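One file, entry-v4.cif, carrying mmCIF, C-alpha atoms:
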```cif
data_run
#
loop_
_atom_site.label_atom_id
_atom_site.label_comp_id
_atom_site.auth_asym_id
_atom_site.auth_seq_id
_atom_site.Cartn_x
_atom_site.Cartn_y
_atom_site.Cartn_z
CA MET A 1 -24.82 -5.86 57.74
CA THR A 2 -23.67 -2.52 59.09
CA HIS A 3 -23.63 0.71 57.19
CA ARG A 4 -19.85 0.65 57.25
CA GLN A 5 -19.76 -2.76 55.62
CA LEU A 6 -22.33 -1.67 53.03
CA TYR A 7 -20.32 1.46 52.19
CA ALA A 8 -17.14 -0.61 51.91
CA ILE A 9 -18.84 -3.03 49.52
CA LEU A 10 -20.28 -0.14 47.50
CA ALA A 11 -16.87 1.57 47.38
CA CYS A 12 -15.25 -1.62 46.13
CA ALA A 13 -18.02 -2.09 43.58
CA PHE A 14 -17.57 1.52 42.42
CA VAL A 15 -13.82 0.99 41.96
CA VAL A 16 -14.48 -2.19 39.98
CA VAL A 17 -17.11 -0.46 37.80
CA CYS A 18 -14.77 2.49 37.15
CA ALA A 19 -11.92 0.17 36.22
CA LEU A 20 -14.16 -1.85 33.89
CA SER A 21 -15.53 1.33 32.31
CA ALA A 22 -12.05 2.64 31.66
CA TRP A 23 -11.03 -0.69 30.20
CA LEU A 24 -14.16 -0.94 28.05
CA GLY A 25 -13.76 2.65 26.89
CA TRP A 26 -10.21 1.97 25.78
CA THR A 27 -11.24 -1.23 24.04
CA LEU A 28 -14.15 0.45 22.28
CA GLY A 29 -11.92 3.32 21.22
CA GLU A 30 -9.34 0.92 19.83
CA ARG A 31 -12.05 -1.05 18.07
CA ASP A 32 -13.42 2.15 16.51
CA HIS A 33 -9.94 3.15 15.34
CA LEU A 34 -9.39 -0.29 13.85
CA ARG A 35 -12.76 -0.05 12.13
CA GLU A 36 -11.77 3.33 10.62
CA VAL A 37 -8.42 1.97 9.41
CA MET A 38 -10.12 -1.05 7.86
CA ALA A 39 -12.74 1.16 6.17
CA HIS A 40 -9.95 3.33 4.73
CA ARG A 41 -8.12 0.23 3.51
CA VAL A 42 -11.28 -1.11 1.84
CA SER A 43 -11.92 2.25 0.15
CA LEU A 44 -8.28 2.33 -0.99
CA GLU A 45 -8.59 -1.20 -2.41
CA THR A 46 -11.81 -0.23 -4.18
CA LEU A 47 -10.26 2.94 -5.62
CA MET A 48 -7.24 1.00 -6.86
CA ALA A 49 -9.32 -1.80 -8.40
CA GLU A 50 -11.60 0.70 -10.15
CA ARG A 51 -8.58 2.53 -11.54
CA ILE A 52 -7.04 -0.69 -12.86
CA GLU A 53 -10.33 -1.80 -14.44
CA SER A 54 -10.84 1.62 -16.05
CA VAL A 55 -7.41 1.40 -17.70
CA ASN A 56 -7.29 -2.32 -18.50
CA ASP A 57 -10.52 -4.28 -18.11
CA LYS A 58 -8.67 -7.57 -18.78
CA ALA A 59 -6.18 -7.12 -15.93
CA PRO A 60 -6.64 -9.24 -12.78
CA ALA A 61 -7.40 -6.13 -10.71
CA ASP A 62 -7.91 -7.77 -7.31
CA ARG A 63 -4.67 -9.72 -7.56
CA ILE A 64 -2.71 -6.65 -8.68
CA VAL A 65 -4.22 -4.52 -5.89
CA GLN A 66 -3.29 -7.08 -3.24
CA ALA A 67 0.24 -7.47 -4.64
CA ILE A 68 0.79 -3.70 -4.69
CA LEU A 69 -0.63 -3.20 -1.20
CA LYS A 70 1.50 -5.99 0.26
CA ALA A 71 4.70 -4.77 -1.40
CA ALA A 72 3.96 -1.11 -0.62
CA ASP A 73 3.45 -1.96 3.06
CA LYS A 74 6.63 -4.04 3.08
CA HIS A 75 8.76 -1.33 1.46
CA ARG A 76 6.96 1.62 3.11
CA LEU A 77 5.80 3.26 -0.09
CA ASP A 78 2.49 4.94 -0.87
CA PRO A 79 0.46 2.31 -2.75
CA LEU A 80 -1.16 4.96 -4.94
CA LEU A 81 2.25 6.07 -6.19
CA ALA A 82 3.14 2.45 -6.93
CA LEU A 83 -0.20 2.06 -8.71
CA MET A 84 0.56 5.01 -10.98
CA VAL A 85 4.02 3.66 -11.78
CA ALA A 86 2.47 0.33 -12.80
CA GLU A 87 -0.09 2.17 -14.92
CA VAL A 88 2.49 4.21 -16.78
CA GLU A 89 4.82 1.23 -17.13
CA SER A 90 2.38 -1.40 -18.40
CA ASP A 91 -1.27 -0.33 -18.15
CA TYR A 92 -1.46 -3.14 -15.55
CA ASN A 93 -0.70 -5.85 -18.08
CA PRO A 94 1.12 -8.60 -16.16
CA LEU A 95 2.40 -10.07 -19.44
CA ALA A 96 3.68 -6.78 -20.86
CA VAL A 97 7.08 -6.83 -22.55
CA GLY A 98 8.84 -3.53 -23.20
CA LEU A 99 10.98 -2.59 -26.19
CA ALA A 100 14.14 -3.45 -24.24
CA GLY A 101 12.67 -6.72 -22.91
CA GLU A 102 11.33 -5.38 -19.59
CA ARG A 103 8.68 -7.62 -18.07
CA GLY A 104 5.44 -7.43 -16.12
CA ILE A 105 3.39 -4.69 -14.53
CA PHE A 106 6.45 -2.83 -13.25
CA GLN A 107 8.53 -3.52 -16.37
CA ILE A 108 11.47 -5.07 -14.56
CA THR A 109 14.68 -5.24 -16.57
CA LYS A 110 17.03 -8.21 -16.49
CA ARG A 111 19.64 -6.11 -14.70
CA THR A 112 17.16 -4.93 -12.05
CA ALA A 113 15.93 -8.49 -11.57
CA ARG A 114 19.51 -9.58 -10.84
CA VAL A 115 20.04 -6.71 -8.39
CA LEU A 116 16.82 -7.63 -6.56
CA ASN A 117 17.44 -11.39 -6.64
CA LEU A 118 14.39 -11.99 -8.84
CA GLU A 119 14.65 -14.96 -11.15
CA TRP A 120 14.16 -13.71 -14.71
CA ASP A 121 11.51 -16.32 -15.48
CA GLU A 122 9.53 -15.06 -12.45
CA ALA A 123 9.34 -11.49 -13.74
CA PHE A 124 5.83 -12.09 -15.11
CA ASP A 125 4.56 -13.25 -11.71
CA ILE A 126 2.35 -10.42 -10.43
CA GLU A 127 3.35 -10.66 -6.77
CA LYS A 128 7.07 -11.04 -7.41
CA ASN A 129 7.07 -8.32 -10.07
CA ALA A 130 5.22 -5.91 -7.76
CA ASP A 131 7.56 -6.65 -4.87
CA ALA A 132 10.65 -6.13 -7.04
CA GLY A 133 9.32 -3.01 -8.75
CA ILE A 134 8.21 -1.37 -5.52
CA ALA A 135 11.45 -2.33 -3.75
CA TYR A 136 13.41 -0.75 -6.60
CA LEU A 137 11.24 2.37 -6.59
CA ALA A 138 11.45 2.73 -2.80
CA LYS A 139 15.23 2.39 -2.98
CA HIS A 140 15.37 5.33 -5.39
CA LEU A 141 12.86 7.49 -3.56
CA GLN A 142 14.21 7.01 -0.04
CA ASP A 143 11.37 9.09 1.46
CA ASN A 144 11.87 11.89 -1.07
CA LEU A 145 9.17 12.00 -3.73
CA ASN A 146 10.61 13.99 -6.60
CA ARG A 147 10.96 13.97 -10.37
CA LYS A 148 14.63 13.02 -10.31
CA ALA A 149 14.03 9.88 -8.23
CA LEU A 150 11.08 8.85 -10.39
CA SER A 151 13.01 9.44 -13.58
CA ARG A 152 15.87 7.24 -12.26
CA TYR A 153 13.34 4.41 -11.97
CA ASN A 154 12.76 4.71 -15.72
CA GLY A 155 16.33 5.34 -16.82
CA GLY A 156 16.32 9.13 -16.59
CA SER A 157 13.17 10.13 -18.47
CA ARG A 158 11.82 13.44 -17.18
CA ALA A 159 8.63 13.02 -19.23
CA TYR A 160 8.04 9.69 -17.52
CA ALA A 161 8.38 11.29 -14.07
CA GLU A 162 5.99 14.10 -15.02
CA GLN A 163 3.44 11.58 -16.27
CA VAL A 164 3.56 9.47 -13.08
CA LEU A 165 3.42 12.52 -10.79
CA ALA A 166 0.51 14.08 -12.71
CA ARG A 167 -1.51 10.89 -12.44
CA TYR A 168 -0.53 10.43 -8.81
CA LYS A 169 -1.61 13.97 -7.84
CA ASN A 170 -4.96 13.50 -9.59
CA LEU A 171 -5.59 10.19 -7.83
CA ARG A 172 -4.25 10.98 -4.35
CA VAL A 173 -6.86 10.98 -1.63
CA ASP A 174 -5.96 11.70 1.98
CA PRO A 175 -7.61 9.67 4.75
#
```

Whole structure given in structure tokens:
Amino acid sequence: MTHRQLYAILACAFVVVCALSAWLGWTLGERDHLREVMAHRVSLETLMAERIESVNDKAPADRIVQAILKAADKHRLDPLLALMVAEVESDYNPLAVGLAGERGIFQITKRTARVLNLEWDEAFDIEKNADAGIAYLAKHLQDNLNRKALSRYNGGSRAYAEQVLARYKNLRVDP
């Protein structure tokens, strides 16, 4: 084997090693990012479950957390804001019934259920209630978190909006 052939082989090997290193570096970076996102999601789930259990130790915290996270992702809403709405509405009681007949953790009214195509007898279902409540809240907020939008969710109560926002600001943790 001549020196020229050896250098050609080494040059090709170097190109292959550089390409593999770049590819592995990208993959490792992506894996690390995914690991960080998953760790944040787990800490968010833990925070939410602890909050639910501290308010209502009989509530099915894991199921409520998963329902809120799924609906919040679907409707592009901060899950911690949704969590505080559910807390103020029902203290996370999936069987809660309000004075005007509202049902579930998000206290869905019959009228709202109709608007959101939720069968009235399904309003106590945690997942369906969370999806409907968060969809309704997201519709009112439309990327603008303010007292007026929150109060519209509850029929115009400014005190309600203040209560949700105060709890939300105390709970909010940035990644």

Nearby residues (all atoms listed in the file) at most 8 Å from Val65 in chain A, same-chain spacing under 6 positions excluded, as number ranges by chain: A: 45, 48-49

Close residues, Ala138 in chain A itself excluded, 12 Å, all atoms listed in the file, min 2 positions apart in chain, as a PyMOL selection string: chain A and resi 71-79+81-82+85+130-136+140-146+149-150+152-153

Give the centre and edge lengths of an axis-aligned box, in Å to one decimal, that holds all listed atoms of range 62-69 of chain A with 5 Å on each side, as JSON.
```
{"center_x": -3.6, "center_y": -6.5, "center_z": -4.9, "size_x": 18.7, "size_y": 16.5, "size_z": 17.5}
```

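A straight line drawn from CA of Thr109 in chain A to CA of Asn93 in chain A is 15.5 Å long.
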
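You will find CA of Gln107 in chain A at 6.1 Å from CA of Glu89 in chain A.
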
Close residues, Arg103 in chain A itself excluded, 9 Å, only C-alpha atoms, min 2 positions apart in chain, as a list in words: Ser90, Pro94, Leu95, Ala96, Val97, Gly98, Gly101, Ile105, Phe106, Gln107, Ile108, Thr109, Lys110, Trp120, Ala123, Phe124 and Asn129 of chain A

Same residues, C-alpha atoms, saved as a short mmCIF file (atom, residue, chain, number, x, y, z; two decimals), in the frame of the given file:
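Output below, filename part-v6.cif:
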```cif
data_model
loop_
_atom_site.label_atom_id
_atom_site.label_comp_id
_atom_site.auth_asym_id
_atom_site.auth_seq_id
_atom_site.Cartn_x
_atom_site.Cartn_y
_atom_site.Cartn_z
CA SER A 90 2.38 -1.40 -18.40
CA PRO A 94 1.12 -8.60 -16.16
CA LEU A 95 2.40 -10.07 -19.44
CA ALA A 96 3.68 -6.78 -20.86
CA VAL A 97 7.08 -6.83 -22.55
CA GLY A 98 8.84 -3.53 -23.20
CA GLY A 101 12.67 -6.72 -22.91
CA ILE A 105 3.39 -4.69 -14.53
CA PHE A 106 6.45 -2.83 -13.25
CA GLN A 107 8.53 -3.52 -16.37
CA ILE A 108 11.47 -5.07 -14.56
CA THR A 109 14.68 -5.24 -16.57
CA LYS A 110 17.03 -8.21 -16.49
CA TRP A 120 14.16 -13.71 -14.71
CA ALA A 123 9.34 -11.49 -13.74
CA PHE A 124 5.83 -12.09 -15.11
CA ASN A 129 7.07 -8.32 -10.07
#
```

Point-to-point distance from CA of Asn56 in chain A to CA of Ala113 in chain A, Å rounded to tenths: 25.0 Å

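Closest approach to Asp125 in chain A from the set A:Val88, A:Val15, A:Val164, A:Ile64 is made by A:Ile64, with distances taken over all atoms listed in the file.
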
Reference answer for the PyMOL selection byres ((chain A and resi 40-43) around 12), as a PyMOL selection string: chain A and resi 33-39+44-50+62+65-66+69-70+73+79-80+173-175

The PyMOL selection byres ((chain A and resi 161) around 8) resolved against shown file, as JSON, numbers by chain: {"A": [147, 148, 150, 151, 157, 158, 159, 160, 162, 163, 164, 165]}

Take range 145-156 of chain A, model all heavy atoms, and hand the result over as a PDB file, in the coordinates of the input.
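This is the output file rebuild39.pdb:
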```
ATOM      1  N   LEU A 145       9.913  12.080  -2.471  1.00  0.00           N
ATOM      2  CA  LEU A 145       9.170  12.000  -3.730  1.00  0.00           C
ATOM      3  C   LEU A 145       9.548  13.195  -4.602  1.00  0.00           C
ATOM      4  O   LEU A 145       9.230  14.331  -4.289  1.00  0.00           O
ATOM      5  CB  LEU A 145       7.662  12.001  -3.455  1.00  0.00           C
ATOM      6  CG  LEU A 145       6.765  11.972  -4.670  1.00  0.00           C
ATOM      7  CD1 LEU A 145       7.015  10.717  -5.489  1.00  0.00           C
ATOM      8  CD2 LEU A 145       5.314  12.031  -4.246  1.00  0.00           C
ATOM      9  N   ASN A 146      10.264  12.924  -5.681  1.00  0.00           N
ATOM     10  CA  ASN A 146      10.610  13.990  -6.600  1.00  0.00           C
ATOM     11  C   ASN A 146      10.795  13.441  -8.005  1.00  0.00           C
ATOM     12  O   ASN A 146      10.887  12.242  -8.221  1.00  0.00           O
ATOM     13  CB  ASN A 146      11.851  14.755  -6.126  1.00  0.00           C
ATOM     14  CG  ASN A 146      13.072  13.863  -6.040  1.00  0.00           C
ATOM     15  OD1 ASN A 146      13.338  13.062  -6.933  1.00  0.00           O
ATOM     16  ND2 ASN A 146      13.824  13.989  -4.959  1.00  0.00           N
ATOM     17  N   ARG A 147      10.849  14.353  -8.970  1.00  0.00           N
ATOM     18  CA  ARG A 147      10.960  13.970 -10.370  1.00  0.00           C
ATOM     19  C   ARG A 147      12.258  13.214 -10.668  1.00  0.00           C
ATOM     20  O   ARG A 147      12.283  12.275 -11.437  1.00  0.00           O
ATOM     21  CB  ARG A 147      10.846  15.202 -11.246  1.00  0.00           C
ATOM     22  CG  ARG A 147       9.447  15.710 -11.340  1.00  0.00           C
ATOM     23  CD  ARG A 147       9.397  17.128 -11.923  1.00  0.00           C
ATOM     24  NE  ARG A 147       8.036  17.628 -11.916  1.00  0.00           N
ATOM     25  CZ  ARG A 147       7.419  18.109 -10.851  1.00  0.00           C
ATOM     26  NH1 ARG A 147       8.039  18.141  -9.687  1.00  0.00           N
ATOM     27  NH2 ARG A 147       6.181  18.537 -10.920  1.00  0.00           N
ATOM     28  N   LYS A 148      13.334  13.641 -10.039  1.00  0.00           N
ATOM     29  CA  LYS A 148      14.630  13.020 -10.310  1.00  0.00           C
ATOM     30  C   LYS A 148      14.627  11.547  -9.891  1.00  0.00           C
ATOM     31  O   LYS A 148      15.083  10.678 -10.632  1.00  0.00           O
ATOM     32  CB  LYS A 148      15.732  13.783  -9.573  1.00  0.00           C
ATOM     33  CG  LYS A 148      17.125  13.329  -9.924  1.00  0.00           C
ATOM     34  CD  LYS A 148      18.152  14.224  -9.254  1.00  0.00           C
ATOM     35  CE  LYS A 148      19.550  13.793  -9.613  1.00  0.00           C
ATOM     36  NZ  LYS A 148      20.548  14.626  -8.948  1.00  0.00           N
ATOM     37  N   ALA A 149      14.078  11.266  -8.702  1.00  0.00           N
ATOM     38  CA  ALA A 149      14.030   9.880  -8.230  1.00  0.00           C
ATOM     39  C   ALA A 149      13.131   9.042  -9.122  1.00  0.00           C
ATOM     40  O   ALA A 149      13.472   7.914  -9.478  1.00  0.00           O
ATOM     41  CB  ALA A 149      13.532   9.843  -6.786  1.00  0.00           C
ATOM     42  N   LEU A 150      11.982   9.592  -9.506  1.00  0.00           N
ATOM     43  CA  LEU A 150      11.080   8.850 -10.390  1.00  0.00           C
ATOM     44  C   LEU A 150      11.715   8.621 -11.754  1.00  0.00           C
ATOM     45  O   LEU A 150      11.572   7.557 -12.336  1.00  0.00           O
ATOM     46  CB  LEU A 150       9.753   9.595 -10.559  1.00  0.00           C
ATOM     47  CG  LEU A 150       8.730   9.357  -9.464  1.00  0.00           C
ATOM     48  CD1 LEU A 150       7.578  10.333  -9.606  1.00  0.00           C
ATOM     49  CD2 LEU A 150       8.238   7.934  -9.481  1.00  0.00           C
ATOM     50  N   SER A 151      12.406   9.615 -12.262  1.00  0.00           N
ATOM     51  CA  SER A 151      13.010   9.440 -13.580  1.00  0.00           C
ATOM     52  C   SER A 151      14.129   8.388 -13.524  1.00  0.00           C
ATOM     53  O   SER A 151      14.340   7.654 -14.482  1.00  0.00           O
ATOM     54  CB  SER A 151      13.542  10.763 -14.133  1.00  0.00           C
ATOM     55  OG  SER A 151      14.613  11.234 -13.359  1.00  0.00           O
ATOM     56  N   ARG A 152      14.834   8.280 -12.389  1.00  0.00           N
ATOM     57  CA  ARG A 152      15.870   7.240 -12.260  1.00  0.00           C
ATOM     58  C   ARG A 152      15.249   5.853 -12.367  1.00  0.00           C
ATOM     59  O   ARG A 152      15.862   4.936 -12.885  1.00  0.00           O
ATOM     60  CB  ARG A 152      16.597   7.377 -10.925  1.00  0.00           C
ATOM     61  CG  ARG A 152      17.665   8.439 -10.930  1.00  0.00           C
ATOM     62  CD  ARG A 152      18.611   8.292  -9.747  1.00  0.00           C
ATOM     63  NE  ARG A 152      17.917   8.190  -8.484  1.00  0.00           N
ATOM     64  CZ  ARG A 152      17.858   9.158  -7.566  1.00  0.00           C
ATOM     65  NH1 ARG A 152      18.457  10.300  -7.771  1.00  0.00           N
ATOM     66  NH2 ARG A 152      17.203   8.965  -6.446  1.00  0.00           N
ATOM     67  N   TYR A 153      14.020   5.709 -11.874  1.00  0.00           N
ATOM     68  CA  TYR A 153      13.340   4.410 -11.970  1.00  0.00           C
ATOM     69  C   TYR A 153      13.205   3.996 -13.434  1.00  0.00           C
ATOM     70  O   TYR A 153      13.292   2.836 -13.771  1.00  0.00           O
ATOM     71  CB  TYR A 153      11.963   4.482 -11.309  1.00  0.00           C
ATOM     72  CG  TYR A 153      11.209   3.168 -11.364  1.00  0.00           C
ATOM     73  CD1 TYR A 153      11.399   2.210 -10.381  1.00  0.00           C
ATOM     74  CD2 TYR A 153      10.325   2.887 -12.393  1.00  0.00           C
ATOM     75  CE1 TYR A 153      10.736   1.004 -10.414  1.00  0.00           C
ATOM     76  CE2 TYR A 153       9.655   1.682 -12.442  1.00  0.00           C
ATOM     77  CZ  TYR A 153       9.860   0.742 -11.449  1.00  0.00           C
ATOM     78  OH  TYR A 153       9.195  -0.448 -11.498  1.00  0.00           O
ATOM     79  N   ASN A 154      12.994   4.989 -14.306  1.00  0.00           N
ATOM     80  CA  ASN A 154      12.760   4.710 -15.720  1.00  0.00           C
ATOM     81  C   ASN A 154      13.967   5.048 -16.596  1.00  0.00           C
ATOM     82  O   ASN A 154      13.833   5.280 -17.775  1.00  0.00           O
ATOM     83  CB  ASN A 154      11.524   5.485 -16.191  1.00  0.00           C
ATOM     84  CG  ASN A 154      11.080   5.090 -17.575  1.00  0.00           C
ATOM     85  OD1 ASN A 154      11.333   5.835 -18.515  1.00  0.00           O
ATOM     86  ND2 ASN A 154      10.452   3.947 -17.706  1.00  0.00           N
ATOM     87  N   GLY A 155      15.130   5.114 -16.019  1.00  0.00           N
ATOM     88  CA  GLY A 155      16.330   5.340 -16.820  1.00  0.00           C
ATOM     89  C   GLY A 155      16.589   6.795 -17.151  1.00  0.00           C
ATOM     90  O   GLY A 155      17.311   7.096 -18.098  1.00  0.00           O
ATOM     91  N   GLY A 156      16.008   7.716 -16.410  1.00  0.00           N
ATOM     92  CA  GLY A 156      16.320   9.130 -16.590  1.00  0.00           C
ATOM     93  C   GLY A 156      15.310   9.952 -17.351  1.00  0.00           C
ATOM     94  O   GLY A 156      15.551  11.111 -17.640  1.00  0.00           O
TER      95      GLY A 156
END
```
